[in-house]
>>> print(open('my_file_32.cif').read())   # mmCIF, C-alpha atoms
data_data
loop_
_atom_site.group_PDB
_atom_site.id
_atom_site.type_symbol
_atom_site.label_atom_id
_atom_site.label_comp_id
_atom_site.auth_asym_id
_atom_site.auth_seq_id
_atom_site.Cartn_x
_atom_site.Cartn_y
_atom_site.Cartn_z
ATOM 1 C CA MET N 151 -16.251 42.274 -25.745
ATOM 2 C CA PRO N 152 -17.501 38.693 -25.971
ATOM 3 C CA THR N 153 -16.279 36.597 -28.878
ATOM 4 C CA ILE N 154 -19.499 34.566 -29.072
ATOM 5 C CA ASN N 155 -22.911 35.975 -28.241
ATOM 6 C CA GLN N 156 -25.968 34.127 -26.973
ATOM 7 C CA ASN N 157 -27.074 33.218 -30.512
ATOM 8 C CA GLY N 158 -23.782 31.513 -31.395
ATOM 9 C CA MET N 159 -22.673 34.456 -33.506
ATOM 10 C CA LYS N 160 -19.009 35.461 -33.425
ATOM 11 C CA THR N 161 -17.203 38.778 -33.724
ATOM 12 C CA ALA N 162 -14.172 39.832 -35.751
ATOM 13 C CA VAL N 163 -12.559 43.291 -35.834
ATOM 14 C CA PHE N 164 -10.459 44.372 -38.825
ATOM 15 C CA ALA N 165 -8.842 47.652 -39.860
ATOM 16 C CA GLY N 166 -7.826 48.263 -43.442
ATOM 17 C CA GLY N 167 -8.045 51.870 -44.506
ATOM 18 C CA CYS N 168 -11.221 53.887 -44.754
ATOM 19 C CA PHE N 169 -13.969 51.975 -42.998
ATOM 20 C CA TRP N 170 -16.600 52.838 -45.618
ATOM 21 C CA GLY N 171 -15.241 50.332 -48.123
ATOM 22 C CA THR N 172 -14.300 47.573 -45.702
ATOM 23 C CA GLU N 173 -17.743 47.787 -44.091
ATOM 24 C CA ALA N 174 -19.440 47.461 -47.476
ATOM 25 C CA VAL N 175 -17.365 44.436 -48.503
ATOM 26 C CA PHE N 176 -18.249 42.450 -45.386
ATOM 27 C CA GLU N 177 -21.909 43.496 -45.452
ATOM 28 C CA HIS N 178 -22.187 41.664 -48.788
ATOM 29 C CA LEU N 179 -21.181 38.259 -47.380
ATOM 30 C CA LYS N 180 -23.582 35.434 -46.636
ATOM 31 C CA GLY N 181 -23.257 34.526 -42.979
ATOM 32 C CA VAL N 182 -22.462 38.077 -41.887
ATOM 33 C CA SER N 183 -25.370 39.622 -40.017
ATOM 34 C CA ASN N 184 -23.969 43.001 -38.996
ATOM 35 C CA VAL N 185 -21.002 45.254 -39.728
ATOM 36 C CA VAL N 186 -20.324 48.441 -37.774
ATOM 37 C CA SER N 187 -17.746 51.098 -38.663
ATOM 38 C CA GLY N 188 -15.757 52.386 -35.717
ATOM 39 C CA TYR N 189 -12.453 52.903 -33.993
ATOM 40 C CA SER N 190 -10.053 50.501 -32.262
ATOM 41 C CA GLY N 191 -6.654 50.918 -30.663
ATOM 42 C CA GLY N 192 -7.136 54.110 -28.667
ATOM 43 C CA SER N 193 -9.135 55.474 -25.775
ATOM 44 C CA ALA N 194 -12.816 56.366 -25.464
ATOM 45 C CA ALA N 195 -11.911 60.052 -25.132
ATOM 46 C CA THR N 196 -10.477 60.162 -28.669
ATOM 47 C CA ALA N 197 -12.948 57.825 -30.406
ATOM 48 C CA ASN N 198 -14.381 60.406 -32.787
ATOM 49 C CA TYR N 199 -13.754 61.126 -36.458
ATOM 50 C CA GLU N 200 -12.110 64.501 -35.970
ATOM 51 C CA ALA N 201 -9.616 63.263 -33.361
ATOM 52 C CA VAL N 202 -8.886 59.974 -35.143
ATOM 53 C CA GLY N 203 -8.219 61.917 -38.349
ATOM 54 C CA SER N 204 -5.221 63.550 -36.669
ATOM 55 C CA GLY N 205 -3.404 60.208 -36.686
ATOM 56 C CA ARG N 206 -2.300 60.761 -33.069
ATOM 57 C CA THR N 207 -4.950 58.827 -31.115
ATOM 58 C CA GLY N 208 -3.726 55.236 -31.533
ATOM 59 C CA HIS N 209 -7.054 54.398 -33.171
ATOM 60 C CA ALA N 210 -7.462 52.773 -36.560
ATOM 61 C CA GLU N 211 -10.631 53.087 -38.603
ATOM 62 C CA SER N 212 -12.030 49.599 -38.019
ATOM 63 C CA ILE N 213 -15.055 47.437 -38.592
ATOM 64 C CA ARG N 214 -16.740 45.035 -36.191
ATOM 65 C CA ILE N 215 -18.193 42.051 -38.025
ATOM 66 C CA THR N 216 -20.857 39.817 -36.496
ATOM 67 C CA TYR N 217 -20.993 36.490 -38.288
ATOM 68 C CA ASP N 218 -22.417 32.981 -38.051
ATOM 69 C CA PRO N 219 -19.513 30.499 -38.006
ATOM 70 C CA SER N 220 -21.826 27.751 -39.297
ATOM 71 C CA GLN N 221 -22.213 29.776 -42.525
ATOM 72 C CA ILE N 222 -18.840 31.529 -42.908
ATOM 73 C CA SER N 223 -15.557 30.766 -41.184
ATOM 74 C CA TYR N 224 -13.069 33.162 -39.653
ATOM 75 C CA GLU N 225 -10.569 31.869 -42.231
ATOM 76 C CA LYS N 226 -12.919 32.897 -45.075
ATOM 77 C CA LEU N 227 -13.264 36.348 -43.472
ATOM 78 C CA LEU N 228 -9.459 36.564 -43.438
ATOM 79 C CA GLU N 229 -9.319 35.592 -47.105
ATOM 80 C CA ILE N 230 -11.793 38.353 -48.029
ATOM 81 C CA TYR N 231 -9.944 40.822 -45.796
ATOM 82 C CA PHE N 232 -6.566 40.167 -47.409
ATOM 83 C CA TYR N 233 -7.595 39.681 -51.038
ATOM 84 C CA VAL N 234 -10.547 42.045 -51.474
ATOM 85 C CA ALA N 235 -11.101 44.523 -48.645
ATOM 86 C CA HIS N 236 -7.701 46.234 -48.664
ATOM 87 C CA ASP N 237 -4.024 46.037 -49.618
ATOM 88 C CA PRO N 238 -2.206 44.462 -46.665
ATOM 89 C CA THR N 239 1.210 45.514 -47.984
ATOM 90 C CA GLN N 240 0.656 49.254 -47.505
ATOM 91 C CA LEU N 241 2.060 50.557 -44.226
ATOM 92 C CA ASN N 242 -0.125 53.176 -42.548
ATOM 93 C CA ARG N 243 -2.071 53.921 -45.698
ATOM 94 C CA GLN N 244 -4.620 52.674 -48.194
ATOM 95 C CA GLY N 245 -4.695 54.284 -51.598
ATOM 96 C CA PRO N 246 -5.023 58.055 -51.168
ATOM 97 C CA ASP N 247 -5.490 57.830 -47.386
ATOM 98 C CA HIS N 248 -2.400 57.932 -45.192
ATOM 99 C CA GLY N 249 -1.687 57.930 -41.484
ATOM 100 C CA THR N 250 -1.728 55.359 -38.707
ATOM 101 C CA GLN N 251 -5.524 55.563 -38.575
ATOM 102 C CA TYR N 252 -5.548 53.790 -41.969
ATOM 103 C CA ARG N 253 -3.212 50.963 -40.965
ATOM 104 C CA SER N 254 -3.823 47.319 -41.706
ATOM 105 C CA ALA N 255 -4.615 45.599 -38.402
ATOM 106 C CA ILE N 256 -6.478 42.642 -37.003
ATOM 107 C CA PHE N 257 -7.771 43.155 -33.485
ATOM 108 C CA PHE N 258 -8.167 39.588 -32.265
ATOM 109 C CA THR N 259 -10.729 38.705 -29.624
ATOM 110 C CA ASN N 260 -9.152 35.433 -28.458
ATOM 111 C CA SER N 261 -6.071 33.242 -28.877
ATOM 112 C CA GLU N 262 -7.704 31.196 -31.645
ATOM 113 C CA GLN N 263 -8.204 34.308 -33.801
ATOM 114 C CA GLN N 264 -4.658 35.411 -33.006
ATOM 115 C CA GLN N 265 -3.197 32.056 -34.062
ATOM 116 C CA LEU N 266 -5.305 31.802 -37.225
ATOM 117 C CA ALA N 267 -4.459 35.348 -38.309
ATOM 118 C CA ALA N 268 -0.730 34.928 -37.576
ATOM 119 C CA ALA N 269 -0.624 31.648 -39.522
ATOM 120 C CA TYR N 270 -2.519 33.239 -42.431
ATOM 121 C CA ILE N 271 -0.074 36.162 -42.586
ATOM 122 C CA ASP N 272 2.904 33.784 -42.397
ATOM 123 C CA ARG N 273 1.478 31.714 -45.247
ATOM 124 C CA LEU N 274 0.881 34.813 -47.390
ATOM 125 C CA ASN N 275 4.465 35.947 -46.845
ATOM 126 C CA GLN N 276 6.004 32.497 -47.366
ATOM 127 C CA THR N 277 4.123 31.925 -50.616
ATOM 128 C CA LYS N 278 4.825 35.492 -51.743
ATOM 129 C CA SER N 279 1.122 35.975 -52.445
ATOM 130 C CA PHE N 280 1.804 39.693 -52.800
ATOM 131 C CA SER N 281 4.752 41.442 -54.421
ATOM 132 C CA LYS N 282 5.640 43.037 -51.065
ATOM 133 C CA PRO N 283 5.487 41.662 -47.490
ATOM 134 C CA VAL N 284 2.217 41.806 -45.553
ATOM 135 C CA VAL N 285 2.453 44.556 -42.916
ATOM 136 C CA THR N 286 -0.821 43.790 -41.113
ATOM 137 C CA GLN N 287 -0.495 44.266 -37.369
ATOM 138 C CA LEU N 288 -1.990 41.840 -34.864
ATOM 139 C CA ALA N 289 -3.213 43.316 -31.593
ATOM 140 C CA PRO N 290 -5.614 42.212 -28.881
ATOM 141 C CA LEU N 291 -8.978 43.938 -29.041
ATOM 142 C CA GLU N 292 -9.089 46.257 -26.059
ATOM 143 C CA SER N 293 -12.253 48.042 -27.143
ATOM 144 C CA PHE N 294 -14.295 49.019 -30.151
ATOM 145 C CA TYR N 295 -16.147 52.309 -30.410
ATOM 146 C CA ALA N 296 -18.851 52.747 -33.042
ATOM 147 C CA ALA N 297 -18.249 55.646 -35.413
ATOM 148 C CA GLU N 298 -20.691 58.478 -35.835
ATOM 149 C CA ASP N 299 -24.041 57.564 -37.413
ATOM 150 C CA TYR N 300 -23.263 59.246 -40.745
ATOM 151 C CA HIS N 301 -20.404 56.768 -41.306
ATOM 152 C CA GLN N 302 -22.633 53.703 -40.899
ATOM 153 C CA ASP N 303 -23.735 52.202 -44.234
ATOM 154 C CA PHE N 304 -22.042 55.140 -45.938
ATOM 155 C CA ILE N 305 -21.939 53.498 -49.365
ATOM 156 C CA VAL N 306 -25.613 52.537 -49.213
ATOM 157 C CA HIS N 307 -26.506 56.182 -48.545
ATOM 158 C CA ASN N 308 -23.852 57.724 -50.827
ATOM 159 C CA PRO N 309 -23.297 55.384 -53.806
ATOM 160 C CA ASN N 310 -22.304 58.250 -56.125
ATOM 161 C CA TYR N 311 -19.858 59.937 -53.745
ATOM 162 C CA PRO N 312 -16.639 60.342 -55.788
ATOM 163 C CA TYR N 313 -14.385 58.566 -53.236
ATOM 164 C CA VAL N 314 -16.818 55.635 -53.106
ATOM 165 C CA VAL N 315 -17.018 55.374 -56.902
ATOM 166 C CA ALA N 316 -13.231 55.456 -57.302
ATOM 167 C CA HIS N 317 -12.120 53.295 -54.362
ATOM 168 C CA ASP N 318 -14.970 51.250 -52.906
ATOM 169 C CA LEU N 319 -17.316 50.171 -55.691
ATOM 170 C CA PRO N 320 -14.425 48.353 -57.435
ATOM 171 C CA LYS N 321 -13.946 46.282 -54.261
ATOM 172 C CA LEU N 322 -17.591 45.226 -54.355
ATOM 173 C CA ALA N 323 -17.280 44.281 -58.026
ATOM 174 C CA GLN N 324 -14.166 42.248 -57.214
ATOM 175 C CA LEU N 325 -15.969 40.506 -54.337
ATOM 176 C CA ARG N 326 -18.907 39.600 -56.581
ATOM 177 C CA LYS N 327 -16.545 38.252 -59.258
ATOM 178 C CA GLN N 328 -14.140 36.322 -56.994
ATOM 179 C CA PHE N 329 -16.633 34.964 -54.468
ATOM 180 C CA PRO N 330 -20.043 34.672 -56.181
ATOM 181 C CA GLU N 331 -21.023 31.720 -53.970
ATOM 182 C CA ILE N 332 -20.968 33.848 -50.788
ATOM 183 C CA TYR N 333 -21.849 37.245 -52.253
ATOM 184 C CA LYS N 334 -25.211 38.672 -51.202
ATOM 185 C CA GLU N 335 -26.947 41.742 -52.584
#
>>> encode(input="my_file_32.cif", output="structure tokens")
Amino acid sequence: MPTINQNGMKTAVFAGGCFWGTEAVFEHLKGVSNVVSGYSGGSAATANYEAVGSGRTGHAESIRITYDPSQISYEKLLEIYFYVAHDPTQLNRQGPDHGTQYRSAIFFTNSEQQQLAAAYIDRLNQTKSFSKPVVTQLAPLESFYAAEDYHQDFIVHNPNYPYVVAHDLPKLAQLRKQFPEIYKE
């Protein structure tokens, strides 16, 4: 998967629990042109919701972010990822969801992303930014498989779904409050 496409856009792939909420957070950022929910860390044969839900495929529910680095930096994406999109101190879980498919992971596309993410995690741990250590895994992006269509833009299509109301809408409110300068409707 290319890191930079022909239009100068870059790609980042993050996993942080249920992809519905993480997708929605990044879709509301200026400079981000596309976010796709999907699966990373396993094979093509098991890249489907039912198999991934077993927790035995190696996949994590992930999002692929396409962004313009002239408008938003990879470091700013990391900041949003760690402080808004999920809790990076929860091992193999996020809130009510548990299993390796909900792990915190950054699938880097090149050595620059790997170095930036590793340094960011080190800084978070050294400054004790969280009450517990960051458990986010770093792994090279082998592949990304888009999730089924009904998972794409789930919150847009299901804003009153109880899980969304309880777990995802608060993230969007936090994003709007903490980062109003880069928040987009």
>>> residues_around(input="my_file_32.cif", residues="Pro283 in chain N", least_positions_apart="4", cutoff="10 Å", atoms="only C-alpha atoms", output="PyMOL selection string")
chain N and resi 238-240+271-272+274-276+278-279
>>> closest_residue(input="my_file_32.cif", among="N:Thr250, N:Ser223, N:Ser281, N:Gln244", to="His317 in chain N", atoms="all atoms listed in the file")
N:Gln244
>>> residues_around(input="my_file_32.cif", residues="range 167-182 of chain N", least_positions_apart="5", cutoff="6 Å", atoms="only C-alpha atoms", output="PDB file with C-alpha atoms, in the coordinates of the input")
ATOM      1  CA  SER N 187     -17.746  51.098 -38.663  1.00  0.00           C
ATOM      2  CA  GLU N 211     -10.631  53.087 -38.603  1.00  0.00           C
ATOM      3  CA  SER N 212     -12.030  49.599 -38.019  1.00  0.00           C
ATOM      4  CA  THR N 216     -20.857  39.817 -36.496  1.00  0.00           C
ATOM      5  CA  TYR N 217     -20.993  36.490 -38.288  1.00  0.00           C
ATOM      6  CA  ASP N 218     -22.417  32.981 -38.051  1.00  0.00           C
ATOM      7  CA  GLN N 221     -22.213  29.776 -42.525  1.00  0.00           C
ATOM      8  CA  ILE N 222     -18.840  31.529 -42.908  1.00  0.00           C
ATOM      9  CA  ALA N 235     -11.101  44.523 -48.645  1.00  0.00           C
ATOM     10  CA  GLN N 244      -4.620  52.674 -48.194  1.00  0.00           C
ATOM     11  CA  TYR N 252      -5.548  53.790 -41.969  1.00  0.00           C
ATOM     12  CA  PHE N 304     -22.042  55.140 -45.938  1.00  0.00           C
ATOM     13  CA  ASP N 318     -14.970  51.250 -52.906  1.00  0.00           C
ATOM     14  CA  LEU N 322     -17.591  45.226 -54.355  1.00  0.00           C
ATOM     15  CA  ILE N 332     -20.968  33.848 -50.788  1.00  0.00           C
ATOM     16  CA  TYR N 333     -21.849  37.245 -52.253  1.00  0.00           C
ATOM     17  CA  LYS N 334     -25.211  38.672 -51.202  1.00  0.00           C
TER      18      LYS N 334
END
>>> resolve_selection(input="my_file_32.cif", expression="the PyMOL selection byres ((chain N and resi 231) around 10)", output="ChimeraX atom specification")
/N:164-166,172,175-176,225-230,232-238,254,256
>>> residues_around(input="my_file_32.cif", residues="Thr259 in chain N", least_positions_apart="6", cutoff="12 Å", atoms="only C-alpha atoms", output="list of chain:residue names")
N:Met151, N:Pro152, N:Thr153, N:Ile154, N:Lys160, N:Thr161, N:Ala162, N:Val163, N:Phe164, N:Arg214, N:Ile215, N:Tyr224, N:Gln265, N:Leu266, N:Ala267, N:Leu288, N:Ala289, N:Pro290, N:Leu291, N:Glu292, N:Ser293, N:Phe294
>>> closest_residue(input="my_file_32.cif", among="N:Ala201, N:Arg253, N:Ala194, N:Leu319", to="Val306 in chain N", atoms="all atoms listed in the file")
N:Leu319
>>> closest_residue(input="my_file_32.cif", among="N:Ile213, N:Gly245, N:Ala269, N:Lys327", to="Val185 in chain N", atoms="only C-alpha atoms")
N:Ile213
>>> atom_distance(input="my_file_32.cif", atom1="CA of Phe280 in chain N", atom2="CA of Leu325 in chain N")
17.9 Å
>>> atom_distance(input="my_file_32.cif", atom1="CA of Ser261 in chain N", atom2="CA of Gln287 in chain N")
15.0 Å
>>> closest_residue(input="my_file_32.cif", among="N:Pro320, N:Gln251, N:Ala268, N:Ala296", to="Ala197 in chain N", atoms="all atoms listed in the file")
N:Ala296
>>> residues_around(input="my_file_32.cif", residues="Gly208 in chain N", least_positions_apart="4", cutoff="8 Å", atoms="only C-alpha atoms", output="list in words")
Ser190, Gly191, Gly192, Ser193, Val202, Thr250 and Gln251 of chain N
>>> write_last_selection(input="my_file_32.cif", atoms="C-alpha atoms", output="tab-separated table (two decimals), keeping the file's coordinate frame")
chain	number	residue	atom	x	y	z
N	190	SER	CA	-10.05	50.50	-32.26
N	191	GLY	CA	-6.65	50.92	-30.66
N	192	GLY	CA	-7.14	54.11	-28.67
N	193	SER	CA	-9.14	55.47	-25.78
N	202	VAL	CA	-8.89	59.97	-35.14
N	250	THR	CA	-1.73	55.36	-38.71
N	251	GLN	CA	-5.52	55.56	-38.58
>>> atom_distance(input="my_file_32.cif", atom1="CA of Asp247 in chain N", atom2="CA of Tyr311 in chain N")
15.9 Å
>>> axis_aligned_box(input="my_file_32.cif", around="range 232-244 of chain N", padding_each_side="6 Å", output="AutoDock Vina command-line options")
--center_x -4.5 --center_y 46.8 --center_z -47.0 --size_x 25.2 --size_y 26.2 --size_z 20.9
>>> closest_residue(input="my_file_32.cif", among="N:Gln302, N:Asn157, N:Asn260, N:Thr286", to="Leu241 in chain N", atoms="only C-alpha atoms")
N:Thr286
